[in-house]
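Peer 1: Have a peek at final16.cif (mmCIF, C-alpha atoms).
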data_model
#
loop_
_atom_site.group_PDB
_atom_site.id
_atom_site.type_symbol
_atom_site.label_atom_id
_atom_site.label_comp_id
_atom_site.auth_asym_id
_atom_site.auth_seq_id
_atom_site.Cartn_x
_atom_site.Cartn_y
_atom_site.Cartn_z
ATOM 1 C CA MET A 138 -12.417 -25.326 7.383
ATOM 2 C CA SER A 139 -13.681 -23.728 10.597
ATOM 3 C CA ASP A 140 -17.152 -22.165 10.725
ATOM 4 C CA PHE A 141 -15.578 -18.751 11.326
ATOM 5 C CA ARG A 142 -13.429 -18.923 8.201
ATOM 6 C CA GLN A 143 -16.238 -20.316 6.038
ATOM 7 C CA ILE A 144 -18.657 -17.576 7.074
ATOM 8 C CA SER A 145 -15.890 -15.022 6.497
ATOM 9 C CA LYS A 146 -15.625 -16.046 2.877
ATOM 10 C CA VAL A 147 -19.408 -15.820 2.514
ATOM 11 C CA ALA A 148 -19.203 -12.270 3.869
ATOM 12 C CA ALA A 149 -17.009 -11.241 0.962
ATOM 13 C CA GLY A 150 -19.539 -12.510 -1.506
ATOM 14 C CA GLY A 151 -22.917 -11.569 -0.142
ATOM 15 C CA MET A 152 -23.330 -10.742 3.537
ATOM 16 C CA ASP A 153 -24.668 -7.262 4.292
ATOM 17 C CA SER A 154 -21.652 -5.151 5.099
ATOM 18 C CA MET A 155 -20.839 -1.646 6.161
ATOM 19 C CA ASN A 156 -18.625 -1.280 3.083
ATOM 20 C CA PRO A 157 -19.097 -3.558 0.027
ATOM 21 C CA GLU A 158 -16.102 -1.979 -1.725
ATOM 22 C CA GLN A 159 -13.927 -2.877 1.247
ATOM 23 C CA ASN A 160 -15.078 -6.494 0.943
ATOM 24 C CA ARG A 161 -14.087 -6.482 -2.726
ATOM 25 C CA THR A 162 -10.676 -5.158 -1.718
ATOM 26 C CA ALA A 163 -10.451 -7.890 0.917
ATOM 27 C CA ALA A 164 -11.267 -10.559 -1.664
ATOM 28 C CA HIS A 165 -8.549 -9.186 -3.927
ATOM 29 C CA PHE A 166 -6.098 -9.215 -1.008
ATOM 30 C CA ARG A 167 -6.919 -12.876 -0.340
ATOM 31 C CA SER A 168 -6.253 -13.715 -3.975
ATOM 32 C CA LEU A 169 -2.710 -12.347 -3.704
ATOM 33 C CA HIS A 170 -1.709 -15.182 -1.357
ATOM 34 C CA THR A 171 -0.331 -17.788 -3.749
ATOM 35 C CA SER A 172 2.922 -19.690 -3.966
ATOM 36 C CA GLN A 173 2.887 -19.208 -7.751
ATOM 37 C CA LYS A 174 3.675 -15.540 -7.051
ATOM 38 C CA PRO A 175 4.035 -14.941 -3.298
ATOM 39 C CA LEU A 176 2.678 -11.703 -1.895
ATOM 40 C CA ALA A 177 5.814 -9.651 -1.154
ATOM 41 C CA LEU A 178 5.292 -7.060 1.576
ATOM 42 C CA SER A 179 7.775 -4.279 2.288
ATOM 43 C CA ASN A 180 6.327 -3.079 5.566
ATOM 44 C CA ALA A 181 5.497 0.584 6.137
ATOM 45 C CA TRP A 182 5.061 2.591 9.325
ATOM 46 C CA ASP A 183 3.634 5.949 8.242
ATOM 47 C CA VAL A 184 2.000 7.632 5.253
ATOM 48 C CA ALA A 185 5.296 8.504 3.583
ATOM 49 C CA SER A 186 6.691 4.960 3.708
ATOM 50 C CA ALA A 187 3.324 3.558 2.560
ATOM 51 C CA VAL A 188 3.028 5.928 -0.412
ATOM 52 C CA ILE A 189 6.631 5.215 -1.433
ATOM 53 C CA THR A 190 5.940 1.485 -1.171
ATOM 54 C CA GLU A 191 2.859 1.744 -3.370
ATOM 55 C CA ALA A 192 4.727 3.888 -5.924
ATOM 56 C CA ALA A 193 7.401 1.188 -6.152
ATOM 57 C CA GLY A 194 4.766 -1.242 -7.425
ATOM 58 C CA ALA A 195 3.701 -3.041 -4.253
ATOM 59 C CA PRO A 196 0.347 -4.854 -4.617
ATOM 60 C CA ALA A 197 -0.483 -4.228 -0.946
ATOM 61 C CA VAL A 198 0.826 -2.351 2.075
ATOM 62 C CA ALA A 199 1.488 -3.974 5.446
ATOM 63 C CA THR A 200 2.348 -2.048 8.580
ATOM 64 C CA THR A 201 5.115 -2.936 10.998
ATOM 65 C CA SER A 202 4.236 -2.467 14.662
ATOM 66 C CA ALA A 203 7.901 -1.899 15.495
ATOM 67 C CA GLY A 204 8.217 0.871 12.914
ATOM 68 C CA VAL A 205 4.989 2.498 14.083
ATOM 69 C CA ALA A 206 6.104 2.316 17.719
ATOM 70 C CA TRP A 207 9.549 3.793 17.012
ATOM 71 C CA SER A 208 8.059 6.605 14.943
ATOM 72 C CA LEU A 209 5.901 7.513 17.959
ATOM 73 C CA GLY A 210 8.791 7.321 20.428
ATOM 74 C CA LEU A 211 7.887 3.953 21.955
ATOM 75 C CA PRO A 212 9.643 0.561 22.108
ATOM 76 C CA ASP A 213 8.157 -2.360 20.206
ATOM 77 C CA GLY A 214 6.221 -5.016 22.085
ATOM 78 C CA ASP A 215 2.540 -4.219 22.755
ATOM 79 C CA ARG A 216 3.373 -0.746 24.054
ATOM 80 C CA LEU A 217 1.184 1.086 21.559
ATOM 81 C CA GLU A 218 -2.324 2.285 22.306
ATOM 82 C CA ARG A 219 -5.214 1.154 20.152
ATOM 83 C CA GLU A 220 -6.238 4.689 19.216
ATOM 84 C CA ARG A 221 -2.787 5.651 17.969
ATOM 85 C CA VAL A 222 -2.460 2.505 15.865
ATOM 86 C CA VAL A 223 -5.911 2.972 14.351
ATOM 87 C CA ALA A 224 -5.053 6.584 13.481
ATOM 88 C CA VAL A 225 -1.876 5.486 11.680
ATOM 89 C CA VAL A 226 -3.721 2.744 9.785
ATOM 90 C CA ALA A 227 -6.519 5.119 8.760
ATOM 91 C CA SER A 228 -4.016 7.687 7.471
ATOM 92 C CA ILE A 229 -2.270 5.022 5.391
ATOM 93 C CA VAL A 230 -5.534 3.622 3.981
ATOM 94 C CA ASN A 231 -6.576 7.135 2.966
ATOM 95 C CA ALA A 232 -3.260 7.741 1.205
ATOM 96 C CA VAL A 233 -2.955 4.566 -0.923
ATOM 97 C CA LYS A 234 -5.163 2.657 -3.349
ATOM 98 C CA VAL A 235 -3.823 -0.851 -2.651
ATOM 99 C CA PRO A 236 -5.097 -3.116 0.162
ATOM 100 C CA VAL A 237 -3.714 -2.453 3.647
ATOM 101 C CA THR A 238 -3.083 -5.043 6.344
ATOM 102 C CA ALA A 239 -2.307 -3.911 9.884
ATOM 103 C CA ASP A 240 0.034 -5.374 12.478
ATOM 104 C CA ILE A 241 -1.921 -5.272 15.750
ATOM 105 C CA GLU A 242 0.520 -7.347 17.837
ATOM 106 C CA GLY A 243 -1.527 -9.080 20.557
ATOM 107 C CA GLY A 244 -4.676 -7.033 19.925
ATOM 108 C CA TYR A 245 -3.997 -4.080 22.252
ATOM 109 C CA SER A 246 -6.167 -5.426 25.030
ATOM 110 C CA GLU A 247 -6.100 -8.127 27.670
ATOM 111 C CA THR A 248 -9.809 -8.837 27.218
ATOM 112 C CA LEU A 249 -11.597 -10.477 24.321
ATOM 113 C CA GLU A 250 -14.036 -7.576 24.228
ATOM 114 C CA GLY A 251 -11.124 -5.179 23.872
ATOM 115 C CA ILE A 252 -9.573 -7.222 21.074
ATOM 116 C CA ALA A 253 -12.926 -7.235 19.263
ATOM 117 C CA ARG A 254 -13.032 -3.455 19.574
ATOM 118 C CA THR A 255 -9.509 -3.162 18.180
ATOM 119 C CA VAL A 256 -10.482 -5.238 15.154
ATOM 120 C CA ALA A 257 -13.721 -3.333 14.635
ATOM 121 C CA ASP A 258 -11.802 -0.042 14.723
ATOM 122 C CA ILE A 259 -9.141 -1.355 12.332
ATOM 123 C CA LEU A 260 -11.867 -2.452 9.916
ATOM 124 C CA GLU A 261 -13.551 0.930 10.195
ATOM 125 C CA ALA A 262 -10.182 2.505 9.371
ATOM 126 C CA GLY A 263 -10.303 0.559 6.083
ATOM 127 C CA ALA A 264 -7.790 -2.239 6.571
ATOM 128 C CA VAL A 265 -8.630 -5.645 5.093
ATOM 129 C CA GLY A 266 -6.115 -7.748 6.998
ATOM 130 C CA ILE A 267 -4.431 -8.013 10.367
ATOM 131 C CA ASN A 268 -1.431 -9.695 11.901
ATOM 132 C CA MET A 269 -1.845 -11.015 15.436
ATOM 133 C CA GLU A 270 0.956 -12.735 17.337
ATOM 134 C CA ASP A 271 1.010 -15.382 20.044
ATOM 135 C CA GLY A 272 4.318 -14.236 21.560
ATOM 136 C CA SER A 273 4.686 -15.869 24.967
ATOM 137 C CA ARG A 274 0.941 -16.482 25.308
ATOM 138 C CA ASP A 275 -0.577 -19.906 25.795
ATOM 139 C CA PRO A 276 -1.791 -21.174 22.393
ATOM 140 C CA LEU A 277 -5.330 -21.657 23.719
ATOM 141 C CA ASP A 278 -5.401 -18.044 24.890
ATOM 142 C CA PHE A 279 -4.275 -16.978 21.448
ATOM 143 C CA CYS A 280 -6.995 -19.099 19.835
ATOM 144 C CA ALA A 281 -9.556 -17.157 21.854
ATOM 145 C CA ARG A 282 -8.044 -13.900 20.598
ATOM 146 C CA ILE A 283 -8.239 -15.079 16.990
ATOM 147 C CA SER A 284 -11.868 -16.132 17.444
ATOM 148 C CA ALA A 285 -12.689 -12.740 18.988
ATOM 149 C CA ALA A 286 -11.109 -11.018 15.979
ATOM 150 C CA ARG A 287 -13.059 -13.189 13.540
ATOM 151 C CA ALA A 288 -16.314 -12.631 15.405
ATOM 152 C CA ALA A 289 -15.762 -8.857 15.284
ATOM 153 C CA ALA A 290 -15.277 -8.995 11.524
ATOM 154 C CA LEU A 291 -18.384 -11.118 11.066
ATOM 155 C CA LYS A 292 -20.410 -8.725 13.210
ATOM 156 C CA ALA A 293 -19.259 -5.870 10.976
ATOM 157 C CA GLY A 294 -20.090 -7.873 7.845
ATOM 158 C CA GLN A 295 -16.529 -7.398 6.642
ATOM 159 C CA ASP A 296 -14.157 -9.971 5.263
ATOM 160 C CA LEU A 297 -10.824 -9.924 7.091
ATOM 161 C CA PHE A 298 -7.633 -11.854 6.374
ATOM 162 C CA ILE A 299 -6.252 -12.889 9.763
ATOM 163 C CA ASN A 300 -2.558 -13.716 9.604
ATOM 164 C CA ALA A 301 -1.702 -15.521 12.847
ATOM 165 C CA ARG A 302 1.934 -15.155 13.824
ATOM 166 C CA THR A 303 3.605 -17.754 15.981
ATOM 167 C CA ASP A 304 6.903 -16.991 17.696
ATOM 168 C CA VAL A 305 8.002 -20.589 18.284
ATOM 169 C CA PHE A 306 11.207 -20.190 16.246
ATOM 170 C CA LEU A 307 12.009 -16.827 17.814
ATOM 171 C CA ALA A 308 11.729 -18.385 21.289
ATOM 172 C CA GLY A 309 14.116 -21.152 20.233
ATOM 173 C CA PHE A 310 12.936 -23.848 22.639
ATOM 174 C CA GLY A 311 13.738 -27.479 21.811
ATOM 175 C CA THR A 312 15.286 -29.011 18.732
ATOM 176 C CA LEU A 313 14.511 -27.850 15.208
ATOM 177 C CA GLU A 314 12.291 -30.886 14.684
ATOM 178 C CA GLN A 315 10.386 -30.099 17.874
ATOM 179 C CA GLN A 316 9.942 -26.488 16.826
ATOM 180 C CA ILE A 317 8.563 -27.510 13.423
ATOM 181 C CA ALA A 318 6.144 -29.937 15.065
ATOM 182 C CA GLU A 319 5.014 -27.268 17.536
ATOM 183 C CA VAL A 320 4.423 -24.705 14.780
ATOM 184 C CA VAL A 321 2.361 -27.190 12.766
ATOM 185 C CA ALA A 322 0.337 -28.152 15.834
ATOM 186 C CA ARG A 323 -0.332 -24.516 16.720
ATOM 187 C CA ALA A 324 -1.210 -23.696 13.124
ATOM 188 C CA GLU A 325 -3.944 -26.326 13.130
ATOM 189 C CA LYS A 326 -5.464 -24.801 16.268
ATOM 190 C CA TYR A 327 -5.149 -21.241 14.964
ATOM 191 C CA VAL A 328 -6.816 -22.096 11.659
ATOM 192 C CA GLU A 329 -9.683 -23.793 13.475
ATOM 193 C CA ALA A 330 -10.060 -20.645 15.590
ATOM 194 C CA GLY A 331 -10.411 -18.496 12.476
ATOM 195 C CA ALA A 332 -6.955 -17.717 11.091
ATOM 196 C CA ASP A 333 -6.508 -17.482 7.311
ATOM 197 C CA GLY A 334 -2.716 -17.598 7.206
ATOM 198 C CA ILE A 335 0.175 -18.544 9.473
ATOM 199 C CA PHE A 336 3.190 -16.259 9.895
ATOM 200 C CA VAL A 337 6.379 -17.980 11.077
ATOM 201 C CA PRO A 338 9.220 -15.495 11.654
ATOM 202 C CA GLY A 339 12.525 -17.235 12.228
ATOM 203 C CA ALA A 340 11.926 -20.011 9.681
ATOM 204 C CA SER A 341 14.653 -19.456 7.108
ATOM 205 C CA ASP A 342 16.335 -22.523 5.616
ATOM 206 C CA ALA A 343 14.774 -24.390 2.718
ATOM 207 C CA ASP A 344 14.177 -27.691 4.523
ATOM 208 C CA THR A 345 12.413 -25.999 7.446
ATOM 209 C CA VAL A 346 10.251 -23.859 5.189
ATOM 210 C CA ALA A 347 9.310 -26.869 3.055
ATOM 211 C CA ALA A 348 8.320 -28.851 6.149
ATOM 212 C CA LEU A 349 6.102 -26.002 7.315
ATOM 213 C CA THR A 350 4.297 -25.492 4.018
ATOM 214 C CA ALA A 351 3.746 -29.252 3.754
ATOM 215 C CA GLY A 352 2.229 -29.388 7.233
ATOM 216 C CA ILE A 353 0.121 -26.215 7.254
ATOM 217 C CA SER A 354 -3.161 -26.094 5.346
ATOM 218 C CA VAL A 355 -3.363 -22.312 4.787
ATOM 219 C CA PRO A 356 -0.997 -19.725 3.246
ATOM 220 C CA VAL A 357 2.356 -19.602 5.021
ATOM 221 C CA ASN A 358 4.117 -16.277 5.590
ATOM 222 C CA VAL A 359 7.833 -16.015 6.394
ATOM 223 C CA MET A 360 9.967 -13.039 7.350
ATOM 224 C CA VAL A 361 12.821 -12.172 5.023
ATOM 225 C CA GLY A 362 15.819 -9.881 5.036
ATOM 226 C CA ALA A 363 19.372 -9.589 3.797
ATOM 227 C CA GLY A 364 20.674 -13.081 3.032
ATOM 228 C CA SER A 365 17.247 -14.757 2.941
ATOM 229 C CA LEU A 366 16.048 -17.040 0.172
ATOM 230 C CA SER A 367 14.553 -15.064 -2.718
ATOM 231 C CA VAL A 368 10.807 -14.625 -3.154
ATOM 232 C CA SER A 369 10.792 -17.006 -6.120
ATOM 233 C CA GLU A 370 12.769 -19.637 -4.189
ATOM 234 C CA LEU A 371 10.349 -19.374 -1.283
ATOM 235 C CA GLY A 372 7.428 -19.692 -3.675
ATOM 236 C CA ARG A 373 8.845 -22.929 -5.025
ATOM 237 C CA LEU A 374 8.942 -24.173 -1.427
ATOM 238 C CA GLY A 375 5.227 -23.415 -1.059
ATOM 239 C CA VAL A 376 5.365 -20.015 0.676
ATOM 240 C CA SER A 377 2.497 -17.664 -0.240
ATOM 241 C CA ARG A 378 3.587 -14.474 1.529
ATOM 242 C CA VAL A 379 6.891 -12.871 2.513
ATOM 243 C CA SER A 380 7.420 -9.847 4.749
ATOM 244 C CA LEU A 381 10.391 -7.596 5.419
ATOM 245 C CA GLY A 382 8.983 -6.719 8.831
ATOM 246 C CA SER A 383 10.755 -3.938 10.687
ATOM 247 C CA SER A 384 13.933 -4.143 8.604
ATOM 248 C CA ILE A 385 13.014 -1.270 6.251
ATOM 249 C CA ALA A 386 12.342 1.036 9.195
ATOM 250 C CA GLN A 387 15.623 -0.108 10.727
ATOM 251 C CA ALA A 388 17.449 0.625 7.473
ATOM 252 C CA ALA A 389 15.836 4.057 7.162
ATOM 253 C CA TYR A 390 16.820 4.994 10.694
ATOM 254 C CA ALA A 391 20.312 3.649 10.027
ATOM 255 C CA VAL A 392 20.670 6.262 7.256
ATOM 256 C CA ALA A 393 19.602 8.967 9.704
ATOM 257 C CA HIS A 394 22.197 7.728 12.191
ATOM 258 C CA ARG A 395 25.001 7.464 9.634
ATOM 259 C CA ALA A 396 24.242 10.901 8.206
ATOM 260 C CA ALA A 397 24.240 12.573 11.617
ATOM 261 C CA GLU A 398 27.368 10.747 12.726
ATOM 262 C CA GLU A 399 29.223 11.581 9.499
ATOM 263 C CA LEU A 400 28.165 15.231 9.639
ATOM 264 C CA ASN A 401 29.301 15.622 13.228
ATOM 265 C CA THR A 402 32.589 13.747 12.923
ATOM 266 C CA GLU A 403 33.981 14.059 9.400
ATOM 267 C CA GLY A 404 31.885 17.024 8.338
ATOM 268 C CA THR A 405 30.904 15.269 5.080
ATOM 269 C CA TYR A 406 27.634 14.079 3.588
ATOM 270 C CA LYS A 407 28.134 10.798 1.707
ATOM 271 C CA ALA A 408 25.411 9.064 3.724
ATOM 272 C CA VAL A 409 22.683 11.034 1.929
ATOM 273 C CA SER A 410 24.079 10.589 -1.579
ATOM 274 C CA GLU A 411 21.391 8.076 -2.601
ATOM 275 C CA ALA A 412 18.393 10.054 -1.354
ATOM 276 C CA ILE A 413 15.152 10.144 -3.343
ATOM 277 C CA ASP A 414 15.034 13.308 -5.417
ATOM 278 C CA TYR A 415 13.138 16.087 -3.606
ATOM 279 C CA GLY A 416 10.820 16.782 -6.529
ATOM 280 C CA THR A 417 10.050 13.101 -7.013
ATOM 281 C CA LEU A 418 9.236 12.606 -3.358
ATOM 282 C CA ASN A 419 7.228 15.791 -3.085
ATOM 283 C CA GLY A 420 5.288 14.842 -6.198
ATOM 284 C CA LEU A 421 4.104 11.583 -4.634
ATOM 285 C CA PHE A 422 2.242 13.501 -1.959
ATOM 286 C CA ALA A 423 0.854 16.114 -4.328
ATOM 287 C CA THR A 424 -1.368 13.334 -5.730
ATOM 288 C CA THR A 425 -2.588 11.933 -2.386
ATOM 289 C CA HIS A 426 -4.969 14.821 -1.628
#
Reformat the file's structure so that it appears as structure tokens.
Peer 2:
Amino acid sequence: MSDFRQISKVAAGGMDSMNPEQNRTAAHFRSLHTSQKPLALSNAWDVASAVITEAAGAPAVATTSAGVAWSLGLPDGDRLERERVVAVVASIVNAVKVPVTADIEGGYSETLEGIARTVADILEAGAVGINMEDGSRDPLDFCARISAARAAALKAGQDLFINARTDVFLAGFGTLEQQIAEVVARAEKYVEAGADGIFVPGASDADTVAALTAGISVPVNVMVGAGSLSVSELGRLGVSRVSLGSSIAQAAYAVAHRAAEELNTEGTYKAVSEAIDYGTLNGLFATTH
């Protein structure tokens, strides 16, 4: 275990912190990462989607950077500003009782100091976890970003679950065997830099997932969607966390598109036939303030 990760765990148990209750929430969030019952995250992008997710029984809320970006009129892909992301995360934390983990893409800065500030602000907003992604970055550059994030959490005296996402499978370079080997090699570096979990979007078939969980020493997170292996099947393969990513936001916006298209072509309203009851939905927010 790296020094960063070991000290992080000490922080949850005894280091002076700005918010002891937040460290207890962080410890609980860590405990949810188990292949016996994988943490299943249906990603939210605003207060409404987060409150609905919690009401459905979710043990934690994760944000989707794509959903947040679209809701603010921006494309996905590190186009958000730190301040706007922090404001969304803070509003979600204030509206739910379960732990919140925030997707911060590449850290919303090109400097390590800026990444540390992003993490400090996210922690101050009340989140207990983050996702950071390597994207097209050099793995060593990404290691420095992870270490900057861990150092910021340690400075704040707050435990933080860092889920390091690697986009090797999304890039699609090389053979499947080469991609698996590259993910495992990167995971080792990312864990040494301070990561607590490894997120591998694009890994989908059972053999690939099993090879990843066998080769990675920390909780493995995969992205799921229509047609994916079930949560229980993934757990049996050693996965500790599954995420729906941006697909719920995509599905929600698909309803908006279908409803508008149907209304303006056929003049009918079938697309909204399965809407949440107005009183039920309104009642969820009556209890958040």
Peer 1: Once the PyMOL selection byres ((chain A and resi 264-275) around 8) has been applied to the shown file, what residues remain in the selection, as a ChimeraX atom specification?
Peer 2: /A:159-160,162-163,166,226-227,230,236-244,259-263,276-279,283,296-304
Peer 1: Please write as a VMD selection string the list of polymer residues whose atoms come within 9 Å of (3.0, -17.7, -0.1), counting all atoms listed in the file and keeping to the coordinates of the file.
Peer 2: chain A and resid 169 to 177 350 356 to 359 368 371 to 372 374 to 379
Peer 1: Report as a list in words all protein, DNA and RNA residues lying within 7 Å of segment 201-212 of chain A, evaluated on all atoms listed in the file, omitting residues in the same chain fewer than 4 positions from it.
Peer 2: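 My list of contacting residues is Asn180, Ala181, Trp182, Asp183, Arg216, Leu217, Asp240, Ile241, Glu242, Gly382, Ser383 and Ala386 of chain A.
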Peer 1: Would you put the residues from that selection into a file with C-alpha atoms, as an mmCIF file, keeping the file's coordinate frame?
Peer 2:
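Okay, part-v2.cif is ready:
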data_model
loop_
_atom_site.group_PDB
_atom_site.id
_atom_site.type_symbol
_atom_site.label_atom_id
_atom_site.label_comp_id
_atom_site.auth_asym_id
_atom_site.auth_seq_id
_atom_site.Cartn_x
_atom_site.Cartn_y
_atom_site.Cartn_z
ATOM 1 C CA ASN A 180 6.327 -3.079 5.566
ATOM 2 C CA ALA A 181 5.497 0.584 6.137
ATOM 3 C CA TRP A 182 5.061 2.591 9.325
ATOM 4 C CA ASP A 183 3.634 5.949 8.242
ATOM 5 C CA ARG A 216 3.373 -0.746 24.054
ATOM 6 C CA LEU A 217 1.184 1.086 21.559
ATOM 7 C CA ASP A 240 0.034 -5.374 12.478
ATOM 8 C CA ILE A 241 -1.921 -5.272 15.750
ATOM 9 C CA GLU A 242 0.520 -7.347 17.837
ATOM 10 C CA GLY A 382 8.983 -6.719 8.831
ATOM 11 C CA SER A 383 10.755 -3.938 10.687
ATOM 12 C CA ALA A 386 12.342 1.036 9.195
#
Peer 1: Measuring between all atoms listed in the file, which one of A:Ala351, A:Ala393, A:Asp342, A:Gln295 shows the shortest distance to Val321 of chain A?
Peer 2: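 Selected residue with least distance to Val321 of chain A: A:Ala351.
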Peer 1: Have a look at atom CA of Cys280 of chain A and atom CA of Tyr327 of chain A and let me know their distance in Å, one decimal.
Peer 2: 5.6 Å
Peer 1: Identify which of the residues A:Arg167, A:Val225, A:Gly331, A:Gln316 lies closest to Ser186 of chain A, counting all atoms listed in the file when measuring atom-to-atom distances.
Peer 2: A:Val225
Peer 1: Would you list the residues near (3.5, 10.2, -3.1), meaning any protein, DNA or RNA residue with an atom at most 9 Å from that point in file coordinates, counting all atoms listed in the file, as a list in words?
Peer 2: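 Within the cut-off we find Val184, Ala185, Ala187, Val188, Ile189, Glu191, Ala192, Ala232, Val233, Thr417, Leu418, Asn419, Gly420, Leu421, Phe422, Ala423, Thr424 and Thr425 of chain A.
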Peer 1: Using the chain letters and numbers from this file, what does the PyMOL selection byres ((chain A and resi 344) around 12) select? Give the answer as a VMD selection string.
Peer 2: chain A and resid 313 to 314 317 340 to 343 345 to 351 366 370 to 371 373 to 375
